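Engineer: Take this structure first; my questions come after.
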Amino acid sequence: MREFAERCDGRVRSTSAEPGPNHDATASGGRDLWPRPGRIFAAARSHTFAALATAIDDAFARWDRSHLHQFEFADGRRIGRPDWEGDEDDDLLDARKLTLGKLAAGEQFVFVFDLGDNWAHLCTVGPQRIDPLEQLGIEPDRPLPYWGWGDIPDQYGRRWDADDREAPVPPDPELADLPPLQPGWSSKHHR
């Protein structure tokens, strides 16, 4: 397995490292992120790019997966879903069929989630292989994040359930709105 690192820089950016991906989110929804959140993944050469895309989306708490996404390489190659919603793109390689096996140590590429909002992740392949049993305690059947840092922004910029991005932040109820299920939570919870 290789390690991949992902970091978030403004738009979501991933960095991958062999034996797994390291990913940094570089930007989100049109704004740069600083400090950049990141994740380190363990990934096998036999895992597909589609599985890596799912792992990145899971690690960055994406709940609306109905957006186009793709991997982009320095040589112009793009890997994604060429048949997404009937849009056929002859230049887009199929992420469900291509594995991570040809990635080289230190190689960098970008994963973009939501081509409209451009959550860009810089991925960097790690410098060496890892022993998943030693590093993770298991041998995962798909790419698995095992280290990370930074705040994960909501993919639509919402800060609370009813946030319309125009209303002021509601006052902090200081736990008074919670049922008395934990010490310090209010017993005056009403719904």
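Residue numbering restarts at 1 in every chain; chains get A, B, ... in the order shown in the structure tokens, and ligands count up from 1 in that same order.
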Determine, counting only C-alpha atoms, which protein, DNA and RNA residues have an atom within 8 Å of an atom of region 92-106 of chain A; residues of the same chain fewer than 2 positions away are not included. Present the result as a ChimeraX atom specification.
Structural biologist: /A:16-18,44-51,77-82,89-90,108,124-128
Engineer: Can you work out the spacing between CA of Tyr156 (chain A) and CA of Leu33 (chain A) in Å, to one decimal?
Structural biologist: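 Taking CA of Tyr156 (chain A) as the start and CA of Leu33 (chain A) as the end point, the length is 14.0 Å.
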Engineer: Select, from A:His69, A:Arg165, A:Arg159, A:Arg62, the residue with the minimum atom-to-atom distance to Ala120 (chain A), counting only C-alpha atoms.
Structural biologist: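 Residue with the minimum atom-to-atom distance to Ala120 (chain A): A:His69.
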Engineer: Determine which residues of region 45-184 of chain A DSSP labels as helix (DSSP H, G or I) from the backbone of this structure, then write them out as a list in words.
Structural biologist: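 DSSP-assigned helix (DSSP H, G or I) residues in region 45-184 of chain A: Phe49, Ala50, Ala51, Leu52, Ala53, Thr54, Ala55, Ile56, Asp57, Asp58, Ala59, Trp84, Glu85, Gly86, Leu100, Gly101, Lys102, Pro132, Leu133, Glu134 and Gln135 of chain A.
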Engineer: Using only C-alpha atoms, which residue out of A:Asp151, A:Asp91, A:Asp114, A:Glu107 lies closest to Arg65 (chain A)?
Structural biologist: A:Asp114
Engineer: As an exercise, work out the distance from CA of Cys123 (chain A) to CA of Val110 (chain A) in Å and give it to one decimal place.
Structural biologist: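 Rounded to one decimal, the two atoms are 5.7 Å apart.
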Engineer: List the spatial neighbours of Trp63 (chain A) as an MDAnalysis selection string - criterion: any atom at most 12 Å away, only C-alpha atoms, same-chain residues fewer than 2 positions off excluded.
Structural biologist: chainID A and resid 54 56:61 65:67 113 153:156
